[in-house]
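Report on the structure given below.
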Protein chains: 2
Amino acid sequence: MIETDICIIGAGPVGLFAIFEAGLLKMRCHVVDYLPQVGGQLAEIYPKKPIYDIPGFPIVMAEELVHNLMEQAKPFHPTFTLGERIENIEKQDEHSFILTTHLDTKIHAKVICIAGGLGCFEPRKPAIDNLADYEKNGVEYMVLNPEKFRDKKIVIAGGGDSALDWTMFLADVAQELTMVHRGEMFRGAPDSVHKVKQLAEEGKIKMELNSNVTHLIGNGKLEKVQITHNDGTNKELDADHYLALFGLSPKLGPIAQWGLNIDKNAINVDTHDYSTNIKGIYAIGDINNYAGKLKLILCGFHEAALMVHSASELILGKKPTLKYTTVNGITEF
Amino acid sequence: MIETDICIIGAGPVGLFAIFEAGLLKMRCHVVDYLPQVGGQLAEIYPKKPIYDIPGFPIVMAEELVHNLMEQAKPFHPTFTLGERIENIEKQDEHSFILTTHLDTKIHAKVICIAGGLGCFEPRKPAIDNLADYEKNGVEYMVLNPEKFRDKKIVIAGGGDSALDWTMFLADVAQELTMVHRGEMFRGAPDSVHKVKQLAEEGKIKMELNSNVTHLIGNGKLEKVQITHNDGTNKELDADHYLALFGLSPKLGPIAQWGLNIDKNAINVDTHDYSTNIKGIYAIGDINNYAGKLKLILCGFHEAALMVHSASELILGKKPTLKYTTVNGITEF
């Protein structure tokens with residue numbers, strides 16, 4: 001059993017900053033995330049995208065912000081369970097919760113802080129009869145590591161920004177890249193649409209418009225995809241990987257079953273300390289809701305600070321003194 | 001008359017970030033501060049000190065943070081009135097306020113955002129009969145520009161961090177530096193006390209313990225200070241400048257007279273949008289108060305974001321759409 005003061009559910013930017021704020025008040029954190037790495041959406045969906053509204057950063061790359069937040073948390077030696085999802089929470093008594101993941105890892109925490117963002121991101125999947133057969137052997141719904149596609153034959157399906165961005169990026173990485181889109185119009189940034197069309201004109205990628213991937217062909221491992229044109233004719237394309245980039249859709253998942261006061265996929269909290277209706281469980285960041293709520297990372301930072309002060313009072317039975325962090329620095333533990 | 005959408009009172013970090021957040025919603029800001037430069041306490045009291053609890057910065061120098069916040073605000077071309085204090089606010093009608101400074105500068109704003117920190121910092125002054133005679137001719141209460149003291153004879157009085165820090169810094173700048181302290185024990189960081197004593201031992205500074213500056217001598221311009229030792233004897237020291245560093249004490253000033261709901265030097269606000277009891281006037285940062293309030297810069301950033309959304313609704317009559325700032329960047333105006 002993992003023992004900790006605060007179990008933080010969600011390793012996105014807000015969850016990571018909560019480690020630091022908890023550390024200032026001498027509380028230890030264990031962080032659980034379903035994704036295989038820290039950073040939440042920033043790492044998973046847009047690591048290379050710039051963010052402009054983090055206070056004090058006129059511009060910062062999403063992955064750089066995650067790196068900085070990890071550095072800031074480091075003196076307080078957080079521990080992590082990644083790639084697992086909390087399925088169940090059992091309240092033992094005041095200040096004592098047992099959390100269990102889907103792989104049966106157990107964590108004993110004094111308080112719980114849900115920093116779950118928009119929930120777990122699940123891909124929108126295309127309707128292909130034998131899709132599930134190749135989900136671990138050629139079918140991908142997001143690009144975690146572009147190097148996986150180096151010198152491979154890939155088929156990318158989709159017509160939005162994600163499909164366009166990755167087509168541009170992977171054009172140089174893949175041996176052969178075909179973009180398949182059901183229509184002729186793209187929903188992405190005009191500049192990206194222009195660049196992708198140019199790549200097709202220059203012969204650097206192939207483009208199959210008015211077409212859908214309709215069947216997967218292989219022998220345990222993907223070898224070809226069958227596409228069906230809107231006129232009803234079929235064609236087979238060689239493919240080591242089929243990237244179905246139709247967007248990710250957030251799902252609240254098991255959180256919905258914990259008896260929390262939930263409205264429209266968000267947990268209602270009290271702005272005094274971002275506590276939920278269950279004493280000892282807090283919710284911060286995009287997953288919570290209150291009058292005036294804005295789903296901004298910077299708001300989650302504030303919520304994290306107020307949350308840990310309340311958690312400290314709950315655990316120690318007295319209000320903590322506000323510590324300013326200058327000159328003498330941070331007291332590591 | 002200066003015309004603006006939001007008049008921000010206070011050019012500290014929170015006021016500066018409010019410019020950026022307002023800009024995202026296409027509102028222009030004019031910022032007024034009594035200090036001669038932007039940055040508030042960060043620039044005035046501890047520009048060279050590190051801060052550890054700004055999210056995303058494991059460490060940042062106060063002056064660097066101010067610089068970054070100015071860069072972030074730049075696309076929205078804020079305007080400033082510095083070195084002036086708002087004395088009077090007149091509410092004309094809904095969304096129309098006239099603000100007047102002590103130098104009679106007038107600003108017409110649709111809404112007002114008080115980001116006044118702890119108020120105006122006023123120095124604690126020593127009891128010296130003719131102190132006021134030299135306030136513009138040799139007596140200083142804070143170090144705005146250390147170069148002013150290059151190759152001068154200076155006397156620093158005080159026994160806290162500010163007196164110790166500036167003694168260390170100015171030891172190399174001044175021609176001659178004497179530190180005068182009423183006791184023998186210092187109230188500053190042990191490391192600083194050690195370094196200052198070492199400077200005295202090495203003869204780089206002079207130290208007069210158990211002594212107070214009791215009289216100023218000069219002819220329009222300061223020439224000497226008289227110190228009185230605790231045993232009653234007097235001594236005169238040559239001095240171009242007398243730095244009385246006994247700390248700064250924040251004063252709310254004229255803000256207390258505007259009909260706002262004030263408790264213990266802080267303005268009560270509603271956490272939905274950080275509005276005060278007067279419609280159209282908001283208060284953010286250290287100057288406000290609400291259940292759970294923590295006087296942290298990062299909390300002020302959050303308050304600024306919620307405040308501008310409410311201000312936009314007030315000015316335009318409809319809720320603004322939350323804009324995420326990625327890839328396409330900021331639309332300058």
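Residue numbering restarts at 1 for every chain of the structure tokens, chains are lettered A, B, ... in their displayed order, and ligands are numbered from 1 as they appear.
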
Check: Skipping near chain neighbours, those fewer than 6 positions away, what residues fall within 9 Å of Met70 (chain A) using only C-alpha atoms, listed as a list in words?
Finding: Pro13, Leu16, Phe17, Phe20, Val38 and Gly39 of chain A; Gly56 and Pro58 of chain B

Output for the residues just chosen: all heavy atoms as a short mmCIF file (atom, residue, chain, number, x, y, z; two decimals), in the first residue's frame:
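File produced: part-v8.cif:
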```cif
data_model
loop_
_atom_site.label_atom_id
_atom_site.label_comp_id
_atom_site.auth_asym_id
_atom_site.auth_seq_id
_atom_site.Cartn_x
_atom_site.Cartn_y
_atom_site.Cartn_z
N PRO A 13 -0.89 20.14 -15.49
CA PRO A 13 -0.17 21.28 -14.89
C PRO A 13 -0.69 21.66 -13.50
O PRO A 13 0.10 22.00 -12.61
CB PRO A 13 -0.38 22.41 -15.90
CG PRO A 13 -1.51 21.98 -16.78
CD PRO A 13 -1.48 20.49 -16.80
N LEU A 16 0.38 19.06 -10.92
CA LEU A 16 1.82 19.19 -10.64
C LEU A 16 2.10 20.38 -9.73
O LEU A 16 2.93 20.29 -8.82
CB LEU A 16 2.62 19.32 -11.95
CG LEU A 16 2.59 18.10 -12.89
CD1 LEU A 16 3.42 18.38 -14.14
CD2 LEU A 16 3.09 16.84 -12.19
N PHE A 17 1.42 21.50 -9.98
CA PHE A 17 1.67 22.67 -9.13
C PHE A 17 1.17 22.42 -7.70
O PHE A 17 1.74 22.96 -6.75
CB PHE A 17 1.04 23.93 -9.72
CG PHE A 17 1.43 25.17 -8.97
CD1 PHE A 17 2.76 25.59 -8.94
CD2 PHE A 17 0.50 25.90 -8.25
CE1 PHE A 17 3.15 26.72 -8.22
CE2 PHE A 17 0.87 27.04 -7.53
CZ PHE A 17 2.21 27.44 -7.52
N PHE A 20 3.88 21.22 -5.39
CA PHE A 20 4.74 22.28 -4.87
C PHE A 20 4.07 23.01 -3.71
O PHE A 20 4.66 23.20 -2.64
CB PHE A 20 5.08 23.27 -6.00
CG PHE A 20 5.77 24.51 -5.51
CD1 PHE A 20 7.14 24.51 -5.27
CD2 PHE A 20 5.05 25.67 -5.26
CE1 PHE A 20 7.77 25.65 -4.79
CE2 PHE A 20 5.68 26.82 -4.79
CZ PHE A 20 7.05 26.80 -4.55
N VAL A 38 3.62 12.41 -17.30
CA VAL A 38 3.04 13.57 -16.63
C VAL A 38 2.77 14.68 -17.65
O VAL A 38 3.31 14.66 -18.75
CB VAL A 38 3.96 14.12 -15.51
CG1 VAL A 38 4.24 13.06 -14.46
CG2 VAL A 38 5.26 14.69 -16.09
N GLY A 39 1.91 15.63 -17.27
CA GLY A 39 1.67 16.78 -18.13
C GLY A 39 0.23 16.89 -18.63
O GLY A 39 -0.16 17.93 -19.15
N GLY B 56 5.40 27.58 -12.61
CA GLY B 56 6.18 27.43 -13.84
C GLY B 56 7.58 28.01 -13.76
O GLY B 56 8.37 27.86 -14.68
N PRO B 58 10.66 27.64 -11.24
CA PRO B 58 11.28 27.13 -10.01
C PRO B 58 11.97 28.25 -9.24
O PRO B 58 12.01 28.25 -8.03
CB PRO B 58 12.27 26.10 -10.53
CG PRO B 58 11.69 25.63 -11.83
CD PRO B 58 11.04 26.86 -12.42
#
```

Check: What residues in chain A lie within 8 Å of chain B, counting only C-alpha atoms, written as JSON, numbers by chain?
Finding: {"A": [17, 21, 49, 50, 51, 52, 53, 55, 56, 57, 58, 65, 66, 68, 69, 71, 72, 271, 272, 273, 291, 292, 293, 294, 298, 299, 301, 302, 305, 306, 322, 325, 326, 327, 329, 330]}

Those same residues, written as a compact mmCIF listing (two decimals), in the first residue's frame with N, CA and C atoms?
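The file below, result-v1.txt, is the result:
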```txt
# COMPACT_ATOMS: atom_id res chain seq x y z
N PHE A 17 1.42 21.50 -9.98
CA PHE A 17 1.67 22.67 -9.13
C PHE A 17 1.17 22.42 -7.70
N GLU A 21 2.82 23.40 -3.91
CA GLU A 21 2.11 24.14 -2.86
C GLU A 21 1.95 23.29 -1.59
N LYS A 49 2.88 22.81 -28.83
CA LYS A 49 2.15 24.04 -29.10
C LYS A 49 2.49 25.12 -28.08
N PRO A 50 2.50 26.37 -28.53
CA PRO A 50 2.81 27.47 -27.61
C PRO A 50 1.57 27.88 -26.81
N ILE A 51 1.80 28.33 -25.58
CA ILE A 51 0.72 28.88 -24.75
C ILE A 51 1.11 30.32 -24.45
N TYR A 52 0.14 31.20 -24.49
CA TYR A 52 0.44 32.62 -24.31
C TYR A 52 -0.11 33.21 -23.02
N ASP A 53 -0.95 32.45 -22.31
CA ASP A 53 -1.61 33.09 -21.17
C ASP A 53 -1.20 32.52 -19.81
N PRO A 55 0.83 33.39 -16.69
CA PRO A 55 1.37 34.67 -16.20
C PRO A 55 2.90 34.63 -16.09
N GLY A 56 3.53 35.64 -16.67
CA GLY A 56 4.99 35.73 -16.60
C GLY A 56 5.69 35.07 -17.77
N PHE A 57 4.93 34.40 -18.63
CA PHE A 57 5.50 33.80 -19.85
C PHE A 57 4.81 34.41 -21.07
N PRO A 58 5.44 35.36 -21.74
CA PRO A 58 4.80 35.88 -22.97
C PRO A 58 4.52 34.74 -23.96
N LEU A 65 6.50 24.09 -20.13
CA LEU A 65 5.77 24.40 -18.90
C LEU A 65 5.71 23.17 -17.99
N VAL A 66 5.43 22.01 -18.59
CA VAL A 66 5.38 20.77 -17.81
C VAL A 66 6.74 20.50 -17.16
N ASN A 68 9.05 22.66 -16.38
CA ASN A 68 9.28 23.64 -15.30
C ASN A 68 8.51 23.28 -14.04
N LEU A 69 7.26 22.85 -14.23
CA LEU A 69 6.43 22.51 -13.06
C LEU A 69 7.00 21.28 -12.34
N GLU A 71 10.22 20.53 -12.26
CA GLU A 71 11.40 21.06 -11.55
C GLU A 71 11.00 21.73 -10.24
N GLN A 72 9.90 22.50 -10.33
CA GLN A 72 9.43 23.23 -9.16
C GLN A 72 8.95 22.28 -8.06
N THR A 271 -15.69 27.85 -3.34
CA THR A 271 -14.50 28.65 -3.68
C THR A 271 -13.64 29.04 -2.48
N HIS A 272 -14.10 28.78 -1.25
CA HIS A 272 -13.24 29.07 -0.08
C HIS A 272 -11.97 28.23 -0.16
N ASP A 273 -12.15 26.97 -0.59
CA ASP A 273 -11.00 26.05 -0.56
C ASP A 273 -11.08 24.97 -1.65
N ALA A 291 -19.39 29.44 -9.50
CA ALA A 291 -19.82 30.68 -10.15
C ALA A 291 -18.61 31.47 -10.60
N GLY A 292 -18.54 31.81 -11.87
CA GLY A 292 -17.44 32.59 -12.41
C GLY A 292 -16.31 31.73 -12.97
N LYS A 293 -16.40 30.42 -12.86
CA LYS A 293 -15.33 29.51 -13.29
C LYS A 293 -14.86 29.78 -14.72
N LEU A 294 -13.53 29.84 -14.88
CA LEU A 294 -12.93 29.88 -16.21
C LEU A 294 -11.99 28.69 -16.30
N LEU A 298 -4.08 28.93 -15.32
CA LEU A 298 -3.70 29.86 -14.26
C LEU A 298 -4.72 29.89 -13.12
N CYS A 299 -5.99 29.61 -13.42
CA CYS A 299 -7.00 29.56 -12.37
C CYS A 299 -6.78 28.31 -11.51
N PHE A 301 -3.98 27.00 -10.81
CA PHE A 301 -2.84 27.24 -9.92
C PHE A 301 -3.33 27.87 -8.61
N HIS A 302 -4.18 28.87 -8.75
CA HIS A 302 -4.77 29.54 -7.58
C HIS A 302 -5.57 28.54 -6.75
N ALA A 305 -3.39 26.39 -4.58
CA ALA A 305 -2.85 27.06 -3.40
C ALA A 305 -3.88 27.08 -2.27
N LEU A 306 -5.11 27.46 -2.59
CA LEU A 306 -6.14 27.52 -1.54
C LEU A 306 -6.48 26.12 -1.04
N LEU A 322 0.91 31.46 6.33
CA LEU A 322 1.27 31.69 4.94
C LEU A 322 2.77 31.92 4.85
N THR A 325 8.02 32.89 -0.14
CA THR A 325 9.18 32.12 -0.58
C THR A 325 10.20 33.04 -1.20
N THR A 326 11.00 33.70 -0.39
CA THR A 326 12.04 34.54 -0.98
C THR A 326 13.35 34.35 -0.21
N VAL A 327 14.42 34.79 -0.79
CA VAL A 327 15.77 34.76 -0.22
C VAL A 327 16.18 33.39 0.35
N GLY A 329 14.64 30.66 0.24
CA GLY A 329 14.28 29.56 -0.67
C GLY A 329 13.35 28.55 -0.05
N ILE A 330 13.37 27.39 -0.65
CA ILE A 330 12.44 26.32 -0.35
C ILE A 330 13.13 25.34 0.59
```

For the structure I just gave you, how does DSSP split region 269-300 of chain B - specifically, which residues are strand (DSSP E)? Reply as an mmCIF file with C-alpha atoms, in the first residue's frame.
```cif
data_model
loop_
_atom_site.group_PDB
_atom_site.id
_atom_site.type_symbol
_atom_site.label_atom_id
_atom_site.label_comp_id
_atom_site.auth_asym_id
_atom_site.auth_seq_id
_atom_site.Cartn_x
_atom_site.Cartn_y
_atom_site.Cartn_z
ATOM 1 C CA ILE B 281 -15.210 48.838 -9.273
ATOM 2 C CA TYR B 282 -13.212 45.633 -8.820
ATOM 3 C CA ALA B 283 -10.363 44.842 -6.416
ATOM 4 C CA ASN B 288 -8.844 42.444 -1.503
ATOM 5 C CA ASN B 289 -10.342 40.050 0.993
#
```

Check: So how far away is CA of Ile19 (chain A) from CA of Ala109 (chain A), in Å?
Finding: 14.0 Å

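DSSP secondary structure from the backbone places Ile297, Leu298, Cys299, Gly300, Phe301, His302, Glu303, Ala304, Ala305, Leu306, Met307, Val308, His309, Ser310, Ala311, Ser312, Glu313, Leu314, Ile315 and Leu316 of chain A of region 256-320 of chain A in alpha helix (DSSP H).
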
Atoms to include: N, CA, C and O atoms. Write the selected residues as a PDB file, in the first residue's frame.
```
ATOM      1  N   ILE A 297      -5.547  27.341 -17.080  1.00  0.00           N
ATOM      2  CA  ILE A 297      -4.514  26.731 -16.252  1.00  0.00           C
ATOM      3  C   ILE A 297      -4.192  27.635 -15.058  1.00  0.00           C
ATOM      4  O   ILE A 297      -4.058  27.184 -13.929  1.00  0.00           O
ATOM      5  N   LEU A 298      -4.079  28.932 -15.322  1.00  0.00           N
ATOM      6  CA  LEU A 298      -3.702  29.863 -14.258  1.00  0.00           C
ATOM      7  C   LEU A 298      -4.723  29.892 -13.124  1.00  0.00           C
ATOM      8  O   LEU A 298      -4.364  30.166 -11.966  1.00  0.00           O
ATOM      9  N   CYS A 299      -5.985  29.605 -13.423  1.00  0.00           N
ATOM     10  CA  CYS A 299      -6.998  29.556 -12.365  1.00  0.00           C
ATOM     11  C   CYS A 299      -6.776  28.310 -11.511  1.00  0.00           C
ATOM     12  O   CYS A 299      -6.934  28.341 -10.291  1.00  0.00           O
ATOM     13  N   GLY A 300      -6.399  27.221 -12.162  1.00  0.00           N
ATOM     14  CA  GLY A 300      -6.106  25.985 -11.423  1.00  0.00           C
ATOM     15  C   GLY A 300      -4.947  26.165 -10.454  1.00  0.00           C
ATOM     16  O   GLY A 300      -4.934  25.573  -9.369  1.00  0.00           O
ATOM     17  N   PHE A 301      -3.980  26.997 -10.815  1.00  0.00           N
ATOM     18  CA  PHE A 301      -2.840  27.245  -9.920  1.00  0.00           C
ATOM     19  C   PHE A 301      -3.327  27.872  -8.607  1.00  0.00           C
ATOM     20  O   PHE A 301      -2.927  27.480  -7.520  1.00  0.00           O
ATOM     21  N   HIS A 302      -4.182  28.875  -8.753  1.00  0.00           N
ATOM     22  CA  HIS A 302      -4.771  29.541  -7.582  1.00  0.00           C
ATOM     23  C   HIS A 302      -5.568  28.545  -6.747  1.00  0.00           C
ATOM     24  O   HIS A 302      -5.442  28.489  -5.515  1.00  0.00           O
ATOM     25  N   GLU A 303      -6.362  27.730  -7.415  1.00  0.00           N
ATOM     26  CA  GLU A 303      -7.188  26.750  -6.706  1.00  0.00           C
ATOM     27  C   GLU A 303      -6.301  25.774  -5.920  1.00  0.00           C
ATOM     28  O   GLU A 303      -6.630  25.390  -4.790  1.00  0.00           O
ATOM     29  N   ALA A 304      -5.167  25.398  -6.519  1.00  0.00           N
ATOM     30  CA  ALA A 304      -4.233  24.481  -5.848  1.00  0.00           C
ATOM     31  C   ALA A 304      -3.720  25.099  -4.544  1.00  0.00           C
ATOM     32  O   ALA A 304      -3.633  24.432  -3.510  1.00  0.00           O
ATOM     33  N   ALA A 305      -3.386  26.393  -4.584  1.00  0.00           N
ATOM     34  CA  ALA A 305      -2.845  27.060  -3.397  1.00  0.00           C
ATOM     35  C   ALA A 305      -3.879  27.083  -2.269  1.00  0.00           C
ATOM     36  O   ALA A 305      -3.577  26.737  -1.118  1.00  0.00           O
ATOM     37  N   LEU A 306      -5.114  27.464  -2.588  1.00  0.00           N
ATOM     38  CA  LEU A 306      -6.144  27.522  -1.542  1.00  0.00           C
ATOM     39  C   LEU A 306      -6.481  26.121  -1.037  1.00  0.00           C
ATOM     40  O   LEU A 306      -6.697  25.912   0.158  1.00  0.00           O
ATOM     41  N   MET A 307      -6.501  25.162  -1.942  1.00  0.00           N
ATOM     42  CA  MET A 307      -6.798  23.768  -1.582  1.00  0.00           C
ATOM     43  C   MET A 307      -5.818  23.241  -0.537  1.00  0.00           C
ATOM     44  O   MET A 307      -6.227  22.675   0.474  1.00  0.00           O
ATOM     45  N   VAL A 308      -4.507  23.412  -0.775  1.00  0.00           N
ATOM     46  CA  VAL A 308      -3.545  22.817   0.164  1.00  0.00           C
ATOM     47  C   VAL A 308      -3.608  23.478   1.541  1.00  0.00           C
ATOM     48  O   VAL A 308      -3.363  22.825   2.549  1.00  0.00           O
ATOM     49  N   HIS A 309      -3.956  24.772   1.570  1.00  0.00           N
ATOM     50  CA  HIS A 309      -4.084  25.412   2.883  1.00  0.00           C
ATOM     51  C   HIS A 309      -5.233  24.793   3.674  1.00  0.00           C
ATOM     52  O   HIS A 309      -5.121  24.555   4.869  1.00  0.00           O
ATOM     53  N   SER A 310      -6.322  24.525   2.972  1.00  0.00           N
ATOM     54  CA  SER A 310      -7.458  23.881   3.635  1.00  0.00           C
ATOM     55  C   SER A 310      -7.109  22.447   4.030  1.00  0.00           C
ATOM     56  O   SER A 310      -7.425  21.995   5.135  1.00  0.00           O
ATOM     57  N   ALA A 311      -6.420  21.720   3.140  1.00  0.00           N
ATOM     58  CA  ALA A 311      -6.044  20.326   3.418  1.00  0.00           C
ATOM     59  C   ALA A 311      -5.131  20.267   4.643  1.00  0.00           C
ATOM     60  O   ALA A 311      -5.267  19.383   5.495  1.00  0.00           O
ATOM     61  N   SER A 312      -4.230  21.219   4.748  1.00  0.00           N
ATOM     62  CA  SER A 312      -3.317  21.254   5.876  1.00  0.00           C
ATOM     63  C   SER A 312      -4.084  21.460   7.185  1.00  0.00           C
ATOM     64  O   SER A 312      -3.805  20.814   8.199  1.00  0.00           O
ATOM     65  N   GLU A 313      -5.072  22.338   7.131  1.00  0.00           N
ATOM     66  CA  GLU A 313      -5.899  22.595   8.316  1.00  0.00           C
ATOM     67  C   GLU A 313      -6.664  21.326   8.712  1.00  0.00           C
ATOM     68  O   GLU A 313      -6.781  20.997   9.892  1.00  0.00           O
ATOM     69  N   LEU A 314      -7.142  20.615   7.689  1.00  0.00           N
ATOM     70  CA  LEU A 314      -7.914  19.392   7.923  1.00  0.00           C
ATOM     71  C   LEU A 314      -7.031  18.317   8.558  1.00  0.00           C
ATOM     72  O   LEU A 314      -7.431  17.626   9.495  1.00  0.00           O
ATOM     73  N   ILE A 315      -5.807  18.196   8.050  1.00  0.00           N
ATOM     74  CA  ILE A 315      -4.901  17.146   8.514  1.00  0.00           C
ATOM     75  C   ILE A 315      -4.296  17.488   9.873  1.00  0.00           C
ATOM     76  O   ILE A 315      -4.226  16.647  10.763  1.00  0.00           O
ATOM     77  N   LEU A 316      -3.867  18.754  10.033  1.00  0.00           N
ATOM     78  CA  LEU A 316      -3.156  19.132  11.256  1.00  0.00           C
ATOM     79  C   LEU A 316      -4.059  19.774  12.303  1.00  0.00           C
ATOM     80  O   LEU A 316      -3.635  20.002  13.430  1.00  0.00           O
TER      81      LEU A 316
END
```

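The smallest atom-to-atom distance between Gly158 (chain B) and any of B:Ala244, B:Ile98, B:Ala127, B:Leu170, using only C-alpha atoms, is found for B:Ala244.
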
Notebook entry, point to check: If you count only C-alpha atoms, which residues fall within 7 Å of Gly138 (chain A), apart from same-chain ones fewer than 5 positions away, as a list of chain:residue names?
Noted result: A:Lys221, A:Leu222, A:Asp240, A:His241, A:Tyr242

Just write the chosen residues, N, CA, C and O atoms, as a PDB file, in the first residue's frame.
```pdb
ATOM      1  N   LYS A 221      -0.807  -8.545 -37.733  1.00  0.00           N
ATOM      2  CA  LYS A 221      -0.206  -7.215 -37.816  1.00  0.00           C
ATOM      3  C   LYS A 221      -0.748  -6.532 -39.063  1.00  0.00           C
ATOM      4  O   LYS A 221      -0.903  -7.186 -40.105  1.00  0.00           O
ATOM      5  N   LEU A 222      -1.023  -5.239 -38.963  1.00  0.00           N
ATOM      6  CA  LEU A 222      -1.599  -4.521 -40.113  1.00  0.00           C
ATOM      7  C   LEU A 222      -0.648  -4.529 -41.315  1.00  0.00           C
ATOM      8  O   LEU A 222       0.547  -4.280 -41.170  1.00  0.00           O
ATOM      9  N   ASP A 240       1.796   0.097 -42.699  1.00  0.00           N
ATOM     10  CA  ASP A 240       2.264  -0.475 -41.427  1.00  0.00           C
ATOM     11  C   ASP A 240       1.421   0.082 -40.276  1.00  0.00           C
ATOM     12  O   ASP A 240       1.213  -0.562 -39.259  1.00  0.00           O
ATOM     13  N   HIS A 241       0.991   1.347 -40.445  1.00  0.00           N
ATOM     14  CA  HIS A 241       0.205   1.998 -39.394  1.00  0.00           C
ATOM     15  C   HIS A 241      -0.966   2.751 -39.996  1.00  0.00           C
ATOM     16  O   HIS A 241      -0.829   3.395 -41.030  1.00  0.00           O
ATOM     17  N   TYR A 242      -2.083   2.667 -39.308  1.00  0.00           N
ATOM     18  CA  TYR A 242      -3.258   3.454 -39.686  1.00  0.00           C
ATOM     19  C   TYR A 242      -3.542   4.406 -38.526  1.00  0.00           C
ATOM     20  O   TYR A 242      -3.870   3.982 -37.419  1.00  0.00           O
TER      21      TYR A 242
END
```

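Computed from the coordinates, the CA of Ala22 (chain A) to CA of Glu3 (chain A) distance equals 15.4 Å.
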
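Comparing the minimum interatomic distances between Met179 (chain A) and each of A:Ile2, A:Leu260, A:Ile227, A:Cys7, counting only C-alpha atoms, we find that A:Ile227 sits nearest.
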
Next item on the list: For CA of Ala132 (chain B) and CA of Leu144 (chain B), quote the distance in Å rounded to one decimal.
Entry: 19.3 Å

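Closest to Ala256 (chain A) among A:Val155, A:Ala171, A:Ile86, A:Val213 is A:Ile86, based on only C-alpha atoms.
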
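The residue that comes closest to Ala200 (chain A), out of A:Met185, A:Ala157, A:Met142, A:Met168 and on the basis of only C-alpha atoms, is A:Met168.
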
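Between Arg124 (chain A) and the residues A:Val269, A:Leu25, A:Ile255, A:Leu248, the shortest atom-to-atom distance, using only C-alpha atoms, involves A:Leu248.
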
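By only C-alpha atoms, and with residues fewer than 4 positions from Thr81 (chain B) along its chain excluded, the set lying at most 8 Å from it is His30, Val31, Val32 and Asp33 of chain B.
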
Keeping only C-alpha atoms, take the residues you just selected and write them out as a compact mmCIF listing (two decimals), in the first residue's frame.
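What landed in again36.txt:
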```txt
# COMPACT_ATOMS: atom_id res chain seq x y z
CA HIS B 30 -4.58 52.73 -18.35
CA VAL B 31 -2.50 52.04 -15.26
CA VAL B 32 -1.80 54.50 -12.44
CA ASP B 33 0.81 54.00 -9.73
```
